[in-house]
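**Student:** Quick one: structure below, then a few questions.
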Amino acid sequence: MGDALEQFFILTGLLVCLACLVKCMRFSRCILLNYWKVLPKPFLRSMGQWAVITGAGDGIGKAYSFELAKRGLDVVLISRTLEKLEAIATEIERTAGRSVKIIQADFTNDDIYEHIKEKLTGLEIGILVNNVGMLPNLLPSHFLNAPDEIQVSCSPV
């Protein structure tokens, strides 16, 4: 009976050690993924020099602007509030040292796309973050199923 009990405790101890080892490995993986970049910095620049962010005046759009600038891209900020755009542009230029262009546009108006197209002409745009939150209709749909006038206004410059 003593040998069986000893074997049981040894097996239980091994299982506890194994479980702790697995938890430590998972924790280490989480820590390493935060410090090990999945994509190298030159990858983003290989897409193009500029990133265009709509809805860049607040929240997620603002965060994308800062993060893409930190990763070596020049950014074009598009939002409706000029004062916010100017403040964010100054802060990005100061902290990340990247070039910033701003375009004031209210996406509730239909006549803004030519103005945006003019401002973007000649820029090597590699990334578009469409964070403005405007949909052509209330029901979600695939981009290619959207009305033709929407697709034309969103065509590459």
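Lettering and numbering for the structure tokens are positional, with chains as A, B, ... in the shown order, residues counted from 1 in each chain, and ligands counted from 1 in the shown order.
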Quick one: residues within 6 Å of segment 116-125 of chain A, only C-alpha atoms, excluding same-chain residues fewer than 6 positions away - as a ChimeraX atom specification?
**Tutor:** /A:48-51
**Student:** Mind writing the picked residues with N, CA, C and O atoms as a PDB file, in the first residue's frame?
**Tutor:**
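selection-v3.pdb written:
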ATOM      1  N   GLY A  48       4.154  51.839 -49.149  1.00  0.00           N
ATOM      2  CA  GLY A  48       4.072  53.213 -49.633  1.00  0.00           C
ATOM      3  C   GLY A  48       4.497  54.148 -48.521  1.00  0.00           C
ATOM      4  O   GLY A  48       4.505  53.786 -47.347  1.00  0.00           O
ATOM      5  N   GLN A  49       4.837  55.359 -48.888  1.00  0.00           N
ATOM      6  CA  GLN A  49       5.359  56.312 -47.917  1.00  0.00           C
ATOM      7  C   GLN A  49       4.271  56.876 -47.012  1.00  0.00           C
ATOM      8  O   GLN A  49       4.532  57.216 -45.856  1.00  0.00           O
ATOM      9  N   TRP A  50       3.043  56.997 -47.506  1.00  0.00           N
ATOM     10  CA  TRP A  50       1.978  57.697 -46.775  1.00  0.00           C
ATOM     11  C   TRP A  50       0.885  56.749 -46.329  1.00  0.00           C
ATOM     12  O   TRP A  50       0.538  55.798 -47.018  1.00  0.00           O
ATOM     13  N   ALA A  51       0.322  57.044 -45.170  1.00  0.00           N
ATOM     14  CA  ALA A  51      -0.881  56.377 -44.671  1.00  0.00           C
ATOM     15  C   ALA A  51      -1.971  57.440 -44.566  1.00  0.00           C
ATOM     16  O   ALA A  51      -1.729  58.537 -44.072  1.00  0.00           O
TER      17      ALA A  51
END
**Student:** Please provide as a PyMOL selection string all residues within 8 Å of Leu77 of chain A, with the sequence filter that same-chain residues fewer than 5 positions apart are discarded (counting only C-alpha atoms).
**Tutor:** chain A and resi 52-57+65+85+89+100-103
**Student:** Excluding same-chain residues fewer than 3 positions from Met47 of chain A, what lies within 8 Å of it counting only C-alpha atoms, as a ChimeraX atom specification?
**Tutor:** /A:43-44,125-127
**Student:** For each of A:Leu14, A:Ala105, A:Leu73, A:Leu128, take the minimum atom-to-atom distance to Ile92 of chain A, counting only C-alpha atoms, then give the residue where this is smallest.
**Tutor:**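 So, comparing all the options, the nearest one is A:Leu73.
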